[in-house]
Structures are given as structure tokens and as C-alpha cells.
Amino acid sequence: MNSKRRYSYLIPSVLVVTSLILSACQEASHQVTPRVASNNKNARVESVAGRTKLTKEQEGQVVDPTSLVPYQKHLKAAFDKLSEGSTTSWPTLFKLKKWIIAPMDLKKDEAKSLSMTYSEATAQAQARQTQFEVWIDSRTVKDATDADKAQLILTEFLTGLYTLKNLPGDQLCNLVKEISPKSQCVAAKEDVSQQAQADAEVKKQETARKTQQRAAGKTPPKPAVQRSTLVQATPLNQGDYNNIRVVKNYILQQGENLRHDELVKKMSETGFDVRIFNVEIKADNGMGDTGKVNGEALESLFVQAKALDKSKATCHLLQLGTKSSCEISVQRTVEQVPDAEARHLLKYSLKEEGAEQAFLSETVYQLKEISIGRYPDKETKEELRLVPLTGVALSNREVGATFRMTYMVVTRTKDALKLEGFLAVPGEVSKTTHDEQKNKTLCEGKLPEAKDKNGDVILVTKDSKYAEAIKSVLKGIQVVPPCW
């Protein structure tokens with residue numbers, strides 16, 4: 001295939017002053033090289049009429065890039081600052097495309113891609129983009145540093161914004177409303193006018209074709225869909241990649257001085273589609289003011305939970321009234337379920353300082369939305385939020401069977417929810433009944449009397465100031481066995 005390489009070089013001197021720090025030595029060892037997807041005029045490209053239909057396995061591999069550690073460490077501060085004083089939530093713009101990260105053969109579908117990104121160091125294809133998706137081969141970045149991964153995220157984000165120029169105004173508005181339902185987006189008048197002209201031209205040509213066929217004594221076949229909205233997206237060329245590189249380097253140069261208006265101006269000058277910045281795009285932060293937590297806020301809590309892995313904390317035994325130093329381990333995994341959506345799991349375990357084995361291990365599911373409880377802390381004058389996590393279904397449904405309920409202990413800052421720790425509440429099945437209609441055993445539970453740490457209510461936190469407030473909260477917690 002006839003294709004060109006494009007090498008990007010960063011300006012190294014000013015990177016140390018910004019949250020986008022990507023050191024020169026890292027850049028040299030893990031250079032990112034976008035390449036022209038194809039110069040073949042017959043190459044297949046996707047219609048922009050709809051998203052790629054993902055398989056169930058691929059749905060389980062969709063991630064929010066703003067929840068990833070590389071973004072949190074190297075990009076978050078800058079994109080949050082860009083959002084200050086503007087009507088655009090820059091982190092929300094990452095959702096314009098679905099990001100699929102998994103082991104995959106990117107070269108297989110290069111011909112129908114809008115862009116391809118290669119590693120200069122290894123010449124491996126790291127990422128490709130279609131009109132509505134970003135595809136990243138996880139194998140190629142497995143050993144990369146967080147700074148290098150952030151570099152790739154930034155490149156693909158800018159590439160995604162650049163390819164918006166393929167979309168007619170009505171489709172761009174539909175995309176905006178999908179990621180920001182409260183946004184008021186109306187296609188520009190010139191967009192609508194051009195669309196009407198294009199539709200009229202298609203209709204005119206179709207009428208002429210039918211007239212010619214009838215004159216020749218032929219029956220016109222039923223035409224394929226000819227709507228002008230089925231525009232063919234154009235793969236990026238070398239000039240497009242150069243434009244993206246210019247903006248990327250501008251972001252890195254500006255660092256802490258980056259401003260929304262100045263960046264949009266720079267993007268406009270370098271061929272980016274800036275129509276989206278004419279729309280007020282607010283983040284649906286889902287921070288629980290309605291009694292539920294969801295979206296970015298919920299994902300952020302699970303990211304914070306993962307960040308606790310291998311960290312030191314204090315384990316409070318609330319019934320026995322003792323505490324000890326402990327270590328918490330946290331893992332996030334995806335469980336593929338036949339004929340069902342993939343399940344996102346979080347597993348945490350606790351072990352006392354110096355011990356080899358964990359004394360508590362629990363696995364919970366990450367749901368899309370969770371109802372929360374809010375409790376005032378009289379001592380700290382803060383409002384604690386308890387986010388209940390759904391545990392694995394109880395297999396032993398007999399009286400006396402034990403289980404645990406897990407809660408995230410959360411406080412709220414001005415703009416975010418902060419994870420303070422976990423609360424693990426023990427339970428014991430006190431009564432069972434058989435539901436004939438559903439053909440399953442239902443359970444009732446109670447809080448057992450604590451005899452040791454394995455049967456006590458455990459609060460895991462780095463700050464002990466919430467222990468007394470949580471003790472009072474326990475009086476109102478209903479112990480519900482996971483007899484799903």
C-alpha cells in the first residue's frame with residue numbers, strides 16, 4: 001500500500017512546567033508516528049451515518065480515556081483548566097468517540113481507517129481511527145510509561161477532533177447531544193442550506209437517470225440509498241497530520257499558560273473543525289446531588305480505588321473498637337459473560353502489616369448508576385456519602401451463611417467526589433424463603449456480633465477522623481444478603 005510516514009518532534013525546553021510533562025528522553029524512546037491511512041482512491045472508508053457496530057466482546061473493551069492513570073497524571077490538570085471560564089467541558093470532548101483498548105490487529109483494517117498511528121521505535125501500529133471510534137492495540141503500549149501513554153492519548157484526542165470536519169451539521173449535533181444531553185445544538189444555516197442543495201442535486205440526478213432508462217425501454221431498478229448524509233469520510237493525508245502535530249506541540253509549549261480561546265484560535269488556523277466550540281457542552285458529572293452517582297463521577301471513584309493498590313491504610317474494627325495498620329490491594333478486571341454485557345469488576349483485599357495472607361478479600365461489580373446515602377458528620381462538619389457496591393451473588397443460601405456488603409466512603413469537594421476509603425459490613429443469613437414464581441431462594445440478613453476481625457465491621461481509610469461518624473451510620477444500615 002502506498003503510504004507516507006510522518007514523524008512528530010516535541011519542543012523539549014518548556015515541558016517541565018506543565019502537567020503535560022513528557023520528558024525528552026521518553027519521547028525519544030517511544031516516539032509516536034501517525035501515518036497516512038491510504039492513498040488508494042479505491043480504499044474502503046466508513047459511512048458517517050452511524051457508529052461501527054461493536055461485538056459484545058468489544059463493548060467490554062470500551063474505556064473512558066479520562067479515567068485512565070496516564071490521563072489523570074499527565075493531562076487532567078491541563079484539560080480541567082481549559083474548561084475554566086468557557087462553555088466547553090474539554091474532558092467531555094473525549095467521549096465524542098468510543099475508545100476501544102484491547103489486543104487487536106490494527107493493520108487488518110488499515111484500508112478502512114481514517115488515520116493510523118505508528119511507534120517510531122518499533123514501527124508497530126499502535127492506534128487507528130474510524131469516524132466514531134479510536135482503536136488502540138494494548139499490546140503495543142503494555143510496557144510504555146504513563147507519560148508515553150498520555151502522549152498517545154493526546155494524539156488520538158486531537159486526531160478525533162480534526163476528523164469532525166467529515167460530519168454534516170445535523171450529525172455533529174446528534175453526536176454532541178449523545179455525549180451531552182443537555183446541550184442545545186442546531187446545525188448552522190449554511191450547513192442546512194448546503195444539505196438541502198445536495199439532496200436536491202441527488203434527486204435531480206436520480207430523476208434524469210430514470211427518464212433515460214424509461215426512454216431506452218428499461219425498468220429502473222430500485223436505487224440504493226442516495227441520501228447526502230451518507231458522506232464518505234476522507235482518510236487523513238500528510239498535511240492533516242502536520243496540522244495535528246502543530247496543535248499538539250502548541251499545547252505542550254503553552255503548558256500552564258494554555259487558554260481555551262487561544263487554543264481554539266490555533267486549531268482554527270491549522271484546519272481543525274471548530275464548530276463544536278460554538279455549542280455549550282457541559283459535563284454530566286453525576287456527583288450524586290440527586291441521590292445517585294453515575295457517569296464521570298462514578299468512574300472517577302473506581303479510578304481512585306484502583307490508585308489505592310499496594311497502599312498503606314488504617315483498618316478500624318468498629319465493633320471491637322480497635323485499629324491496626326494494614327495494606328490494601330485493588331484490582332480492576334472485565335469478566336466476559338456469554339450472551340450478556342461484559343461485567344466490570346473490582347476486587348480488593350486487606351492484610352495486616354507484616355502478614356503474608358490477606359484476612360479479607362471481596363469482589364464487587366461496577367454498575368452504571370448507584371443510589372447513595374448521605375450522612376452529616378458532626379465532628380468534621382462534612383457530609384459523608386456511602387456508595388453501596390453490588391457483591392457477587394451468594395451461592396450458599398442457608399441460615400447462618402455469611403457474607404459482606406461493601407460501601408465506598410466518599411466526601412465531596414467543590415468539583416469532584418473524593419474516595420476516603422471502604423466500609424466492609426459483615427452479614428449473616430437469618431431467614432430464607434423460596435419464591436415459587438421466580439424459582440429461587442430469597443434471604444433476610446442480620447449484623448452478627450463481632451468476635452474477631454473476620455466478623456467485624458471494617459473501615460479502611462487513610463484518615464481516622466471519619467471513624468466515629470461511620471459508627472453512628474451503622475445503626476441505620478440494613479443488612480441485605482446478595483441473594484440475587
# chains A, B, ... in the order shown; residues from 1 in each chain; ligands from 1
>>> closest_atom_pairs(of="segment 402-448 of chain A", to="segment 373-391 of chain A", cutoff="10 Å", atoms="only C-alpha atoms", output="CSV")
residue,atom,partner,partner_atom,distance
A:Phe403,CA,A:Gly391,CA,9.1
A:Arg404,CA,A:Gly391,CA,8.0
A:Met405,CA,A:Gly391,CA,6.9
A:Thr406,CA,A:Leu389,CA,5.6
A:Tyr407,CA,A:Pro388,CA,4.4
A:Met408,CA,A:Val387,CA,4.9
A:Val409,CA,A:Leu386,CA,5.0
A:Val410,CA,A:Arg385,CA,4.9
A:Thr411,CA,A:Leu384,CA,5.2
A:Arg412,CA,A:Glu383,CA,7.6
A:Thr413,CA,A:Glu382,CA,10.0
A:Leu417,CA,A:Arg385,CA,9.2
A:Lys418,CA,A:Arg385,CA,9.8
A:Leu419,CA,A:Arg385,CA,9.5
A:Glu420,CA,A:Leu384,CA,9.4
A:Phe422,CA,A:Leu386,CA,9.1
A:Leu423,CA,A:Leu386,CA,8.6
>>> write_last_selection(atoms="all heavy atoms", output="compact mmCIF listing (two decimals), in the first residue's frame")
# COMPACT_ATOMS: atom_id res chain seq x y z
N PHE A 403 -21.65 -13.31 54.70
CA PHE A 403 -21.35 -12.51 53.50
C PHE A 403 -20.89 -11.14 53.97
O PHE A 403 -20.89 -10.83 55.16
CB PHE A 403 -22.59 -12.37 52.61
CG PHE A 403 -23.77 -11.75 53.31
CD1 PHE A 403 -23.98 -10.38 53.27
CD2 PHE A 403 -24.67 -12.54 54.02
CE1 PHE A 403 -25.06 -9.80 53.92
CE2 PHE A 403 -25.75 -11.97 54.69
CZ PHE A 403 -25.94 -10.60 54.64
N ARG A 404 -20.49 -10.29 53.05
CA ARG A 404 -20.14 -8.90 53.38
C ARG A 404 -20.76 -7.94 52.36
O ARG A 404 -20.88 -8.27 51.19
CB ARG A 404 -18.62 -8.69 53.41
CG ARG A 404 -17.99 -9.11 54.73
CD ARG A 404 -16.56 -8.62 54.83
NE ARG A 404 -15.96 -9.03 56.09
CZ ARG A 404 -16.00 -8.33 57.21
NH1 ARG A 404 -16.62 -7.15 57.22
NH2 ARG A 404 -15.42 -8.77 58.31
N MET A 405 -21.16 -6.80 52.85
CA MET A 405 -21.58 -5.70 51.99
C MET A 405 -20.46 -4.66 51.99
O MET A 405 -19.88 -4.37 53.04
CB MET A 405 -22.87 -5.06 52.50
CG MET A 405 -24.05 -6.01 52.58
SD MET A 405 -25.61 -5.16 52.95
CE MET A 405 -25.18 -4.23 54.42
N THR A 406 -20.17 -4.10 50.81
CA THR A 406 -19.09 -3.12 50.69
C THR A 406 -19.65 -1.76 50.28
O THR A 406 -20.50 -1.67 49.39
CB THR A 406 -18.04 -3.58 49.66
OG1 THR A 406 -17.46 -4.82 50.09
CG2 THR A 406 -16.95 -2.54 49.49
N TYR A 407 -19.14 -0.73 50.92
CA TYR A 407 -19.50 0.64 50.58
C TYR A 407 -18.23 1.44 50.31
O TYR A 407 -17.20 1.22 50.95
CB TYR A 407 -20.25 1.33 51.73
CG TYR A 407 -21.56 0.72 52.12
CD1 TYR A 407 -21.61 -0.39 52.95
CD2 TYR A 407 -22.76 1.26 51.66
CE1 TYR A 407 -22.81 -0.96 53.32
CE2 TYR A 407 -23.98 0.70 52.03
CZ TYR A 407 -24.00 -0.41 52.86
OH TYR A 407 -25.21 -0.98 53.23
N MET A 408 -18.31 2.37 49.37
CA MET A 408 -17.27 3.39 49.24
C MET A 408 -17.64 4.54 50.17
O MET A 408 -18.78 4.99 50.17
CB MET A 408 -17.18 3.91 47.81
CG MET A 408 -16.52 2.96 46.83
SD MET A 408 -16.41 3.73 45.19
CE MET A 408 -15.42 2.51 44.31
N VAL A 409 -16.69 5.00 50.96
CA VAL A 409 -16.90 6.16 51.82
C VAL A 409 -16.37 7.38 51.07
O VAL A 409 -15.19 7.45 50.71
CB VAL A 409 -16.16 5.99 53.15
CG1 VAL A 409 -16.39 7.23 54.05
CG2 VAL A 409 -16.62 4.73 53.87
N VAL A 410 -17.26 8.33 50.80
CA VAL A 410 -16.94 9.41 49.87
C VAL A 410 -17.28 10.77 50.48
O VAL A 410 -18.29 10.91 51.18
CB VAL A 410 -17.75 9.23 48.56
CG1 VAL A 410 -17.54 10.38 47.60
CG2 VAL A 410 -17.37 7.90 47.89
N THR A 411 -16.45 11.76 50.21
CA THR A 411 -16.76 13.14 50.53
C THR A 411 -16.77 13.93 49.22
O THR A 411 -16.28 13.46 48.20
CB THR A 411 -15.73 13.77 51.48
OG1 THR A 411 -14.41 13.64 50.91
CG2 THR A 411 -15.77 13.08 52.83
N ARG A 412 -17.33 15.12 49.27
CA ARG A 412 -17.41 15.94 48.06
C ARG A 412 -16.61 17.23 48.23
O ARG A 412 -16.77 17.95 49.21
CB ARG A 412 -18.86 16.28 47.72
CG ARG A 412 -18.95 17.21 46.52
CD ARG A 412 -20.34 17.44 46.03
NE ARG A 412 -20.32 18.41 44.92
CZ ARG A 412 -21.38 18.69 44.17
NH1 ARG A 412 -22.53 18.10 44.41
NH2 ARG A 412 -21.29 19.55 43.20
N THR A 413 -15.75 17.49 47.26
CA THR A 413 -15.08 18.78 47.17
C THR A 413 -15.94 19.67 46.28
O THR A 413 -17.05 19.28 45.89
CB THR A 413 -13.67 18.63 46.58
OG1 THR A 413 -13.78 18.13 45.23
CG2 THR A 413 -12.84 17.66 47.41
N LEU A 417 -15.94 14.17 43.56
CA LEU A 417 -16.14 13.27 44.69
C LEU A 417 -14.79 12.66 45.06
O LEU A 417 -14.04 12.23 44.18
CB LEU A 417 -17.13 12.17 44.33
CG LEU A 417 -18.57 12.62 44.06
CD1 LEU A 417 -19.44 11.42 43.69
CD2 LEU A 417 -19.16 13.35 45.25
N LYS A 418 -14.51 12.62 46.33
CA LYS A 418 -13.23 12.09 46.79
C LYS A 418 -13.45 10.80 47.57
O LYS A 418 -14.24 10.77 48.52
CB LYS A 418 -12.52 13.12 47.68
CG LYS A 418 -11.17 12.64 48.19
CD LYS A 418 -10.55 13.66 49.14
CE LYS A 418 -9.22 13.15 49.70
NZ LYS A 418 -8.66 14.12 50.69
N LEU A 419 -12.76 9.75 47.18
CA LEU A 419 -12.86 8.48 47.87
C LEU A 419 -12.01 8.52 49.13
O LEU A 419 -10.80 8.73 49.07
CB LEU A 419 -12.38 7.35 46.96
CG LEU A 419 -12.39 5.94 47.56
CD1 LEU A 419 -13.81 5.49 47.86
CD2 LEU A 419 -11.71 4.94 46.63
N GLU A 420 -12.65 8.33 50.28
CA GLU A 420 -11.93 8.33 51.55
C GLU A 420 -11.55 6.93 52.00
O GLU A 420 -10.61 6.75 52.77
CB GLU A 420 -12.80 8.99 52.64
CG GLU A 420 -13.21 10.42 52.34
CD GLU A 420 -12.05 11.40 52.40
OE1 GLU A 420 -10.94 11.01 52.84
OE2 GLU A 420 -12.25 12.56 52.00
N PHE A 422 -12.98 2.39 52.20
CA PHE A 422 -14.01 1.37 52.05
C PHE A 422 -14.61 1.03 53.42
O PHE A 422 -13.94 1.12 54.45
CB PHE A 422 -13.43 0.08 51.46
CG PHE A 422 -13.05 0.19 50.02
CD1 PHE A 422 -11.72 0.31 49.64
CD2 PHE A 422 -14.02 0.14 49.02
CE1 PHE A 422 -11.36 0.39 48.31
CE2 PHE A 422 -13.68 0.23 47.69
CZ PHE A 422 -12.34 0.35 47.32
N LEU A 423 -15.86 0.63 53.39
CA LEU A 423 -16.53 0.12 54.59
C LEU A 423 -17.05 -1.27 54.26
O LEU A 423 -17.85 -1.44 53.33
CB LEU A 423 -17.70 1.03 54.99
CG LEU A 423 -18.55 0.56 56.18
CD1 LEU A 423 -17.72 0.56 57.46
CD2 LEU A 423 -19.78 1.44 56.35
>>> residues_around(residues="Thr52 of chain A", least_positions_apart="5", cutoff="12 Å", atoms="only C-alpha atoms", output="number ranges by chain")
A: 45-47, 58-59, 97-100, 112-113, 129-135
>>> atom_distance(atom1="atom CA of Ser268 of chain A", atom2="atom CA of Ala111 of chain A")
28.3 Å
>>> select_by_dssp(residues="segment 109-185 of chain A", states="strand (DSSP E)", output="ChimeraX atom specification")
/A:115-119,125-129,133-137
>>> atom_distance(atom1="atom CA of Thr270 of chain A", atom2="atom CA of Asn243 of chain A")
5.3 Å
>>> closest_residue(among="A:Lys453, A:Lys471, A:Lys265, A:Lys182", to="Lys323 of chain A", atoms="only C-alpha atoms")
A:Lys453
>>> closest_residue(among="A:Asp105, A:Asp143, A:Asp137, A:Glu156", to="Leu93 of chain A", atoms="only C-alpha atoms")
A:Glu156
>>> residues_around(residues="Gly354 of chain A", least_positions_apart="5", cutoff="10 Å", atoms="only C-alpha atoms", output="list in words")
Ser325, Cys326 and Glu327 of chain A
>>> write_last_selection(atoms="N, CA and C atoms", output="CSV table (one decimal), in the first residue's frame")
chain,number,residue,atom,x,y,z
A,325,SER,N,-2.5,-1.0,61.5
A,325,SER,CA,-2.0,-0.7,60.2
A,325,SER,C,-2.2,-1.8,59.2
A,326,CYS,N,-2.6,-1.5,58.0
A,326,CYS,CA,-2.9,-2.6,57.1
A,326,CYS,C,-2.5,-2.1,55.6
A,327,GLU,N,-2.5,-3.1,54.7
A,327,GLU,CA,-2.2,-2.8,53.3
A,327,GLU,C,-3.4,-3.2,52.5
>>> residues_around(residues="Asn174 of chain A", least_positions_apart="5", cutoff="10 Å", atoms="only C-alpha atoms", output="PyMOL selection string")
chain A and resi 169+179-181+185-187
>>> atom_distance(atom1="atom CA of Val62 of chain A", atom2="atom CA of Tyr162 of chain A")
21.2 Å
>>> select_by_dssp(residues="segment 238-411 of chain A", states="helix (DSSP H, G or I)", output="PyMOL selection string")
chain A and resi 238-257+260-269+275-278+295-307
